[in-house]
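S.K.: Sharing a structure, written as structure tokens. Questions coming.
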Amino acid sequence: MNTALNRKQIAWRIAQEIKEGSYVNLGIGMPEMVANYIPKDREIVFHSENGLLGMGPTPDKGQEDGDLINAGKKPVTLLEGGSYFSHTDSFAMIRGGHLDLCVLGAFQISESGDLANWATLNNSKPPGVGGAMDLAVGARQVFVMTEHCTKDGQPKIMEHCSYPLTGTGVVNKIFTDLAVIDVTEEGLVVREKVVDITLGELQNKTAAALFEPKVCELRAPIL
Amino acid sequence: MNTALNRKQIAWRIAQEIKEGSYVNLGIGMPEMVANYIPKDREIVFHSENGLLGMGPTPDKGQEDGDLINAGKKPVTLLEGGSYFSHTDSFAMIRGGHLDLCVLGAFQISESGDLANWATLNNSKPPGVGGAMDLAVGARQVFVMTEHCTKDGQPKIMEHCSYPLTGTGVVNKIFTDLAVIDVTEEGLVVREKVVDITLGELQNKTAAALFEPKVCELRAPIL
Amino acid sequence: MIDKRVDTIDAALSGIEDGSTILVSGFGNAGSPIRLLEALIDQGAANLTIVSNNAGEGEFGLAALMKAGRVTKVICSYPRSAGSIIFEELYDQGKIELEVVPQGTLSERMRAAGAGIGGFFTPTSAGTLLGANKETREIEGKLHVLETPLKGDVALVKADAGDRWGNLTYNKSARNFGPTMAMAAKLTIAEVKTIKELGEISPEHVVTPGIFVDRVIKLREER
Amino acid sequence: MIDKRVDTIDAALSGIEDGSTILVSGFGNAGSPIRLLEALIDQGAANLTIVSNNAGEGEFGLAALMKAGRVTKVICSYPRSAGSIIFEELYDQGKIELEVVPQGTLSERMRAAGAGIGGFFTPTSAGTLLGANKETREIEGKLHVLETPLKGDVALVKADAGDRWGNLTYNKSARNFGPTMAMAAKLTIAEVKTIKELGEISPEHVVTPGIFVDRVIKLREER
């Protein structure tokens, strides 16, 4: 049996961590899935950097509006209580420290919380940064949502990132298919891991030292 | 016969100078009078630093609204096409060079266009600057509206201001009860003067060199 | 459920500590949170630094708070209003400190605090007394001074309507400093005339999105 | 009478010169002034620097202008959108220069240009490739980079409604860069869906006050 989480389950795990009343920006791609698993009794306000606060779910087929899209340029809706504003005001929210949380994807994360998620070493195509650097430095907390290793098995969590950085010392917590890891001043502290991997195996898949004062079981419902 | 202009007439003279479609801020006090003499066929948009564009005249008695005031904190109205905005946006207009013209009062003006209009040398009361420094550096053109001399006959136009400055090299044109003077890179150029003063007398009332390549008659209707 | 509405002035002002920097909206009386200011006397916080465009008038609102001896410093653009008697008395007695800031710089410094800007260069006040001790730099031929962000521990803001998410609208020129101060404080408390149901304020017309607001209290107009 | 409405696309685009820096609103297609961009091909201006969040998609709008060989440089946060084929082709052929700017910095740099800010410090991009050649400074323990204002010769902005004074409103998340770009250019041209009578847009709901807008043209929606 493999208890590694699938993407939906990582999204679910992150969603459990988001407090009632939080202002949250979900990065483009995988992190967007987090919105689907927010516990029903929690009211969360989602922010989108293109000028939305109170972003709601994908509209029903035929109800899409080209003027109402999210940062990934996909059609969304706006909840009651939501608001529209300019890019400048939107990034004032981000950069001014008004977002409680931002969830981002990552190519690499360092043990000191550096994040690399916008460019690789060999960019065959022109690199784009979008709002990643603003979100990384601006949000009060930055969660990373990622597979623990790359597709070819290379660690993504390492002593130092080799890819160009998005921000330095910005990541607070890493959620992978195998573990939940806090980035602390003392280093990477494993808070949870899936049952069928040993701490030794987890360390082998991680290119930075892991600390394990007290590790809980990482589990998610079938999704 | 004394042809020196009274305040209404100085205001009238300045009003003639304001072009159709201009965005104009009138400083608190004397400069506010300029609005009364804009030729009827010219549409001018008045800005007030407390967040108004398209400011209209004083409301009728009983129609005053404490939430609709000008920079001098007096009740005003808003014309059709006007808008309300925050102080930050209002000063973005001022400081970003979007106002065509600002008319300010002055304690002193130097021949290089320095303006002193917010504090004296002996401030018995705590000095306030308000928006004067922002307007002085931000407006595309700064007109000064002033008596040519102080009440006790001292020149207000001088080589160097002795009072604390509002801005350096900001004044473009000076309108007094006696003359209209351009501040140019070559110095102070008299464009107009009232008929019953000689150029020599005007120079005597001015503590900086005046140039007079071609002086026209300054006159205003009876007001 | 997110609910920023509070029922009592005590709840609205709870937690404001001695020594706080308090941003107070308003230009003259327009947009001044008079009731909150007067209730702050009972709340008891002392040793306050007040950031506001003016230094109060008469014996109500901000002036009453000053008269009660709670204010040790005022940061403003224009302390002398018609009837700023209390402030002038305290100032003459050396009982209150004054920092005069140009109006546009005052607003922009608070915006910088709200928008995560570490400092900015402006030509306003360059070459004047108010810019005298500031770092300067010539940019495109114009002398600029470096200004720092001005952050509040608390903002007391008067708005027109508010909802349970903290969205705010303002009335006419009473908008003035409200939107900027709401962004610039750790704790933003808004006094409103009307509480609206969520969604009643159009998302296109929200002026201050709820992310900037912590508490909303409905208060009767007093004057 | 002030009347910023123009009847033809030729009149709207007249005077745009070779070598201009053009600010183009929009986030993906939302708020992109597609018709104006395509008409700019006929207008003939070449050697353009385009400032826009993205680098066009498909073969319409911005992409069409690029395909016509009129664009020598793009300043954007995210050149690679779904279908940014034309840009990528030109980039690979070395026919177009690219400057990647973090999205929030892009918007804030234009706001600085519009608001008369000579430069500002931001932590965004500090310690990364994009901040590598910039002046840095540690402010409150955080590394900041100095960013300069980004001014346009022209802004092409898509709004929702406009009036003869140039007041604009926007639709939903199509607001994005419009209000900021309108402030930041010498010549701002707005494409609107509806022309309103003066006063029909409530002064409380104007998003871009007319002072920032030079020309308004009503264009049919194309897509």
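Chains: A, B, ... in order of the structure tokens. Residues: from 1 per chain. Ligands: from 1, in order shown.
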Could you find all residues in segment 43-204 of chain A that DSSP calls strand (DSSP E or B) from the backbone, and write them as an MDAnalysis selection string?

M.R.: chainID A and resid 45:48 52:56 69 75 77:84 101:104 108:110 115:116 142:145 149 155 157:158 167 173:175 179:184 187:193

S.K.: Which residues of chain B come within 7 Å of chain C, and what is each one's closest atom pair and distance in Å (one decimal), counting only C-alpha atoms, sorted by chain and residue number, as CSV?

M.R.:
```
residue,atom,partner,partner_atom,distance
B:Asn50,CA,C:Asn176,CA,5.7
B:Gly51,CA,C:Ser173,CA,5.8
B:Leu52,CA,C:Ser173,CA,6.7
B:Gly66,CA,C:Ala30,CA,6.1
B:Asp67,CA,C:Ala30,CA,5.0
B:Leu68,CA,C:Ser173,CA,5.2
B:Ile69,CA,C:Ser173,CA,6.6
B:Lys73,CA,C:Gly28,CA,6.5
B:Tyr84,CA,C:Lys172,CA,5.9
B:Phe85,CA,C:Arg175,CA,6.7
B:Ser86,CA,C:Asn176,CA,4.6
B:His87,CA,C:Asn176,CA,4.7
B:Thr88,CA,C:Ser107,CA,5.4
B:Phe91,CA,C:Gly104,CA,5.2
B:Gly128,CA,C:Tyr78,CA,4.1
B:Val129,CA,C:Ser77,CA,5.6
B:Gly130,CA,C:Ser77,CA,4.7
B:Gly131,CA,C:Gln103,CA,4.8
B:Met133,CA,C:Thr124,CA,5.7
B:Asp134,CA,C:Thr124,CA,5.4
B:Val137,CA,C:Thr124,CA,6.2
B:Pro164,CA,C:Leu129,CA,6.5
B:Leu165,CA,C:Thr128,CA,5.3
B:Thr166,CA,C:Thr128,CA,6.3
B:Gly167,CA,C:Thr128,CA,6.6
B:Thr168,CA,C:Gly127,CA,6.6
```

S.K.: Counting only C-alpha atoms, which residues of chain C come no farther than 9 Å from chain D, as a ChimeraX atom specification?

M.R.: /C:116-123,139-140,144,146,169-172,203-207

S.K.: Contacts of Thr146 of chain B at 12 Å or less, counting only C-alpha atoms, minus same-chain residues fewer than 3 places along, as a ChimeraX atom specification?

M.R.: /B:5-11,14,27,29-31,103-109,115-117,143,149-151,155-157,173-181

S.K.: Give me a file of those residues, with N, CA and C atoms, as an mmCIF file, in the first residue's frame.

M.R.:
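Dumped to selection.cif:
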```
data_model
loop_
_atom_site.group_PDB
_atom_site.id
_atom_site.type_symbol
_atom_site.label_atom_id
_atom_site.label_comp_id
_atom_site.auth_asym_id
_atom_site.auth_seq_id
_atom_site.Cartn_x
_atom_site.Cartn_y
_atom_site.Cartn_z
ATOM 1 N N LEU B 5 -4.783 97.711 -8.978
ATOM 2 C CA LEU B 5 -5.936 96.809 -8.968
ATOM 3 C C LEU B 5 -6.333 96.480 -7.528
ATOM 4 N N ASN B 6 -7.620 96.297 -7.304
ATOM 5 C CA ASN B 6 -8.031 95.719 -6.027
ATOM 6 C C ASN B 6 -7.980 94.193 -6.172
ATOM 7 N N ARG B 7 -8.271 93.506 -5.090
ATOM 8 C CA ARG B 7 -8.123 92.038 -5.116
ATOM 9 C C ARG B 7 -9.022 91.369 -6.156
ATOM 10 N N LYS B 8 -10.242 91.884 -6.251
ATOM 11 C CA LYS B 8 -11.152 91.316 -7.243
ATOM 12 C C LYS B 8 -10.576 91.476 -8.634
ATOM 13 N N GLN B 9 -9.937 92.607 -8.850
ATOM 14 C CA GLN B 9 -9.392 92.860 -10.189
ATOM 15 C C GLN B 9 -8.167 91.986 -10.476
ATOM 16 N N ILE B 10 -7.366 91.745 -9.452
ATOM 17 C CA ILE B 10 -6.235 90.811 -9.670
ATOM 18 C C ILE B 10 -6.802 89.428 -10.007
ATOM 19 N N ALA B 11 -7.833 89.035 -9.256
ATOM 20 C CA ALA B 11 -8.471 87.741 -9.526
ATOM 21 C C ALA B 11 -9.002 87.702 -10.958
ATOM 22 N N ILE B 14 -6.145 87.256 -13.466
ATOM 23 C CA ILE B 14 -5.649 85.871 -13.511
ATOM 24 C C ILE B 14 -6.636 84.981 -14.262
ATOM 25 N N GLY B 27 -5.394 78.177 -4.480
ATOM 26 C CA GLY B 27 -4.971 78.138 -3.085
ATOM 27 C C GLY B 27 -6.012 78.758 -2.161
ATOM 28 N N GLY B 29 -7.795 81.130 0.412
ATOM 29 C CA GLY B 29 -7.769 82.575 0.637
ATOM 30 C C GLY B 29 -7.991 83.340 -0.651
ATOM 31 N N MET B 30 -7.185 84.388 -0.850
ATOM 32 C CA MET B 30 -7.310 85.268 -2.003
ATOM 33 C C MET B 30 -7.467 84.520 -3.337
ATOM 34 N N PRO B 31 -6.621 83.512 -3.610
ATOM 35 C CA PRO B 31 -6.726 82.845 -4.920
ATOM 36 C C PRO B 31 -8.108 82.239 -5.206
ATOM 37 N N VAL B 103 -2.831 78.407 -8.438
ATOM 38 C CA VAL B 103 -2.683 79.823 -8.075
ATOM 39 C C VAL B 103 -2.494 79.895 -6.560
ATOM 40 N N LEU B 104 -1.381 80.462 -6.139
ATOM 41 C CA LEU B 104 -1.061 80.492 -4.713
ATOM 42 C C LEU B 104 -0.825 81.929 -4.226
ATOM 43 N N GLY B 105 -1.077 82.155 -2.974
ATOM 44 C CA GLY B 105 -0.670 83.403 -2.335
ATOM 45 C C GLY B 105 0.812 83.338 -1.986
ATOM 46 N N ALA B 106 1.384 84.460 -1.552
ATOM 47 C CA ALA B 106 2.820 84.462 -1.238
ATOM 48 C C ALA B 106 3.150 85.491 -0.171
ATOM 49 N N PHE B 107 4.089 85.134 0.688
ATOM 50 C CA PHE B 107 4.724 86.130 1.544
ATOM 51 C C PHE B 107 5.853 86.800 0.756
ATOM 52 N N GLN B 108 6.627 85.969 0.075
ATOM 53 C CA GLN B 108 7.754 86.451 -0.714
ATOM 54 C C GLN B 108 7.951 85.564 -1.945
ATOM 55 N N ILE B 109 8.491 86.183 -3.002
ATOM 56 C CA ILE B 109 8.859 85.444 -4.207
ATOM 57 C C ILE B 109 10.246 85.928 -4.605
ATOM 58 N N LEU B 115 9.446 80.348 -3.770
ATOM 59 C CA LEU B 115 8.206 80.811 -3.155
ATOM 60 C C LEU B 115 8.271 80.596 -1.650
ATOM 61 N N ALA B 116 7.861 81.639 -0.902
ATOM 62 C CA ALA B 116 7.745 81.509 0.556
ATOM 63 C C ALA B 116 6.314 81.889 0.908
ATOM 64 N N ASN B 117 5.525 80.927 1.357
ATOM 65 C CA ASN B 117 4.133 81.280 1.672
ATOM 66 C C ASN B 117 3.544 80.471 2.822
ATOM 67 N N PHE B 143 1.076 80.152 -10.573
ATOM 68 C CA PHE B 143 0.863 81.605 -10.589
ATOM 69 C C PHE B 143 0.825 82.063 -9.141
ATOM 70 N N CYS B 149 3.507 94.821 -2.528
ATOM 71 C CA CYS B 149 4.296 95.045 -1.308
ATOM 72 C C CYS B 149 3.497 94.619 -0.076
ATOM 73 N N THR B 150 4.185 94.463 1.036
ATOM 74 C CA THR B 150 3.496 94.147 2.296
ATOM 75 C C THR B 150 2.724 95.383 2.758
ATOM 76 N N LYS B 151 1.918 95.197 3.814
ATOM 77 C CA LYS B 151 1.111 96.310 4.325
ATOM 78 C C LYS B 151 1.972 97.499 4.733
ATOM 79 N N PRO B 155 8.949 95.333 -0.060
ATOM 80 C CA PRO B 155 8.817 94.513 -1.272
ATOM 81 C C PRO B 155 8.608 93.036 -0.922
ATOM 82 N N LYS B 156 7.762 92.374 -1.673
ATOM 83 C CA LYS B 156 7.573 90.929 -1.509
ATOM 84 C C LYS B 156 8.336 90.160 -2.589
ATOM 85 N N ILE B 157 8.696 90.874 -3.649
ATOM 86 C CA ILE B 157 9.479 90.254 -4.731
ATOM 87 C C ILE B 157 10.922 90.674 -4.530
ATOM 88 N N LYS B 173 4.673 82.875 -12.851
ATOM 89 C CA LYS B 173 4.111 84.189 -13.172
ATOM 90 C C LYS B 173 3.589 84.811 -11.885
ATOM 91 N N ILE B 174 3.811 86.133 -11.752
ATOM 92 C CA ILE B 174 3.370 86.856 -10.564
ATOM 93 C C ILE B 174 2.336 87.892 -10.980
ATOM 94 N N PHE B 175 1.171 87.847 -10.330
ATOM 95 C CA PHE B 175 0.118 88.824 -10.577
ATOM 96 C C PHE B 175 -0.044 89.673 -9.317
ATOM 97 N N THR B 176 0.266 90.967 -9.427
ATOM 98 C CA THR B 176 0.101 91.840 -8.262
ATOM 99 C C THR B 176 -0.916 92.935 -8.592
ATOM 100 N N ASP B 177 -1.128 93.829 -7.626
ATOM 101 C CA ASP B 177 -2.014 94.973 -7.857
ATOM 102 C C ASP B 177 -1.407 95.970 -8.830
ATOM 103 N N LEU B 178 -0.096 95.817 -9.088
ATOM 104 C CA LEU B 178 0.582 96.793 -9.928
ATOM 105 C C LEU B 178 1.080 96.241 -11.261
ATOM 106 N N ALA B 179 1.342 94.933 -11.300
ATOM 107 C CA ALA B 179 2.010 94.410 -12.491
ATOM 108 C C ALA B 179 1.768 92.915 -12.691
ATOM 109 N N VAL B 180 2.057 92.497 -13.910
ATOM 110 C CA VAL B 180 2.125 91.059 -14.215
ATOM 111 C C VAL B 180 3.571 90.783 -14.620
ATOM 112 N N ILE B 181 4.203 89.859 -13.924
ATOM 113 C CA ILE B 181 5.635 89.627 -14.112
ATOM 114 C C ILE B 181 5.895 88.151 -14.386
#
```

S.K.: Do you know which residues are at most 8 Å from Ile16 of chain C counting only C-alpha atoms, after dropping those on the same chain fewer than 4 positions away, and could you put them as a ChimeraX atom specification?

M.R.: /C:20,45,154

S.K.: Return as a PyMOL selection string the full set of residues in segment 91-201 of chain A whose backbone-based DSSP assignment is helix (DSSP H, G or I).

M.R.: chain A and resi 91-95+132-138+199-201

S.K.: Mind dumping the selected residues with all heavy atoms as a CSV table (one decimal), in the first residue's frame?

M.R.:
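Result file follows (part.csv):
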```csv
chain,number,residue,atom,x,y,z
A,91,PHE,N,-1.8,44.8,-5.4
A,91,PHE,CA,-0.5,44.5,-5.0
A,91,PHE,C,-0.1,45.3,-3.7
A,91,PHE,O,0.8,44.9,-3.0
A,91,PHE,CB,0.5,44.6,-6.1
A,91,PHE,CG,0.5,43.4,-7.0
A,91,PHE,CD1,-0.4,43.3,-8.0
A,91,PHE,CD2,1.4,42.4,-6.8
A,91,PHE,CE1,-0.4,42.1,-8.8
A,91,PHE,CE2,1.4,41.2,-7.6
A,91,PHE,CZ,0.5,41.1,-8.6
A,92,ALA,N,-0.8,46.3,-3.5
A,92,ALA,CA,-0.7,47.0,-2.1
A,92,ALA,C,-1.1,46.0,-1.1
A,92,ALA,O,-0.5,45.9,0.0
A,92,ALA,CB,-1.5,48.3,-2.1
A,93,MET,N,-2.2,45.3,-1.3
A,93,MET,CA,-2.6,44.3,-0.3
A,93,MET,C,-1.6,43.2,-0.2
A,93,MET,O,-1.3,42.8,1.0
A,93,MET,CB,-3.9,43.6,-0.8
A,93,MET,CG,-5.1,44.5,-0.8
A,93,MET,SD,-6.6,43.7,-1.6
A,93,MET,CE,-7.6,45.1,-1.8
A,94,ILE,N,-1.0,42.8,-1.3
A,94,ILE,CA,0.0,41.7,-1.2
A,94,ILE,C,1.2,42.2,-0.5
A,94,ILE,O,1.7,41.6,0.4
A,94,ILE,CB,0.3,41.2,-2.6
A,94,ILE,CG1,-0.9,40.5,-3.3
A,94,ILE,CG2,1.5,40.2,-2.6
A,94,ILE,CD1,-0.7,40.2,-4.8
A,95,ARG,N,1.8,43.2,-1.0
A,95,ARG,CA,3.1,43.7,-0.6
A,95,ARG,C,3.0,44.4,0.7
A,95,ARG,O,4.1,44.5,1.5
A,95,ARG,CB,3.7,44.6,-1.7
A,95,ARG,CG,4.0,43.9,-3.0
A,95,ARG,CD,3.9,44.7,-4.2
A,95,ARG,NE,4.8,45.8,-4.3
A,95,ARG,CZ,5.8,46.0,-5.2
A,95,ARG,NH1,6.0,45.0,-6.1
A,95,ARG,NH2,6.5,47.0,-5.2
A,132,ALA,N,4.7,36.2,-8.5
A,132,ALA,CA,5.3,35.3,-7.5
A,132,ALA,C,6.2,36.0,-6.5
A,132,ALA,O,6.2,35.7,-5.3
A,132,ALA,CB,6.0,34.2,-8.3
A,133,MET,N,7.1,36.9,-7.0
A,133,MET,CA,8.0,37.5,-6.1
A,133,MET,C,7.3,38.4,-5.1
A,133,MET,O,7.7,38.6,-4.0
A,133,MET,CB,9.0,38.3,-6.9
A,133,MET,CG,10.0,37.5,-7.7
A,133,MET,SD,11.3,38.5,-8.4
A,133,MET,CE,12.3,37.2,-9.2
A,134,ASP,N,6.2,39.1,-5.6
A,134,ASP,CA,5.5,40.0,-4.7
A,134,ASP,C,4.8,39.1,-3.6
A,134,ASP,O,4.8,39.5,-2.4
A,134,ASP,CB,4.4,40.7,-5.5
A,134,ASP,CG,5.0,41.5,-6.7
A,134,ASP,OD1,5.7,42.5,-6.5
A,134,ASP,OD2,4.8,41.0,-7.9
A,135,LEU,N,4.2,38.0,-4.0
A,135,LEU,CA,3.5,37.2,-3.1
A,135,LEU,C,4.4,36.6,-2.1
A,135,LEU,O,4.2,36.5,-0.9
A,135,LEU,CB,2.7,36.1,-3.8
A,135,LEU,CG,1.4,36.5,-4.5
A,135,LEU,CD1,1.0,35.5,-5.6
A,135,LEU,CD2,0.3,36.8,-3.5
A,136,ALA,N,5.6,36.1,-2.6
A,136,ALA,CA,6.6,35.5,-1.7
A,136,ALA,C,7.1,36.4,-0.6
A,136,ALA,O,7.2,36.0,0.5
A,136,ALA,CB,7.8,35.0,-2.6
A,137,VAL,N,7.3,37.7,-0.9
A,137,VAL,CA,7.8,38.5,0.1
A,137,VAL,C,6.7,39.2,0.9
A,137,VAL,O,6.9,39.7,2.0
A,137,VAL,CB,8.8,39.7,-0.4
A,137,VAL,CG1,10.0,39.1,-1.1
A,137,VAL,CG2,8.0,40.7,-1.2
A,138,GLY,N,5.5,39.3,0.3
A,138,GLY,CA,4.4,40.1,0.9
A,138,GLY,C,3.5,39.4,1.9
A,138,GLY,O,3.1,40.0,2.9
A,199,LEU,N,11.6,7.7,8.5
A,199,LEU,CA,12.2,9.0,8.5
A,199,LEU,C,13.5,8.9,7.7
A,199,LEU,O,13.9,9.9,7.1
A,199,LEU,CB,12.5,9.4,10.0
A,199,LEU,CG,11.2,9.8,10.7
A,199,LEU,CD1,11.5,9.9,12.2
A,199,LEU,CD2,10.7,11.2,10.2
A,200,GLY,N,14.2,7.8,7.7
A,200,GLY,CA,15.4,7.6,7.0
A,200,GLY,C,15.2,7.8,5.5
A,200,GLY,O,15.9,8.5,4.7
A,201,GLU,N,14.1,7.1,5.0
A,201,GLU,CA,13.8,7.2,3.6
A,201,GLU,C,13.4,8.7,3.2
A,201,GLU,O,13.8,9.2,2.2
A,201,GLU,CB,12.6,6.3,3.2
A,201,GLU,CG,12.9,4.8,3.2
A,201,GLU,CD,11.7,3.9,3.2
A,201,GLU,OE1,10.6,4.4,3.6
A,201,GLU,OE2,11.9,2.7,2.9
```

S.K.: Find the distance between atom CA of Leu187 of chain D and atom CA of Gly113 of chain B and write it in Å to one decimal.

M.R.: 28.5 Å
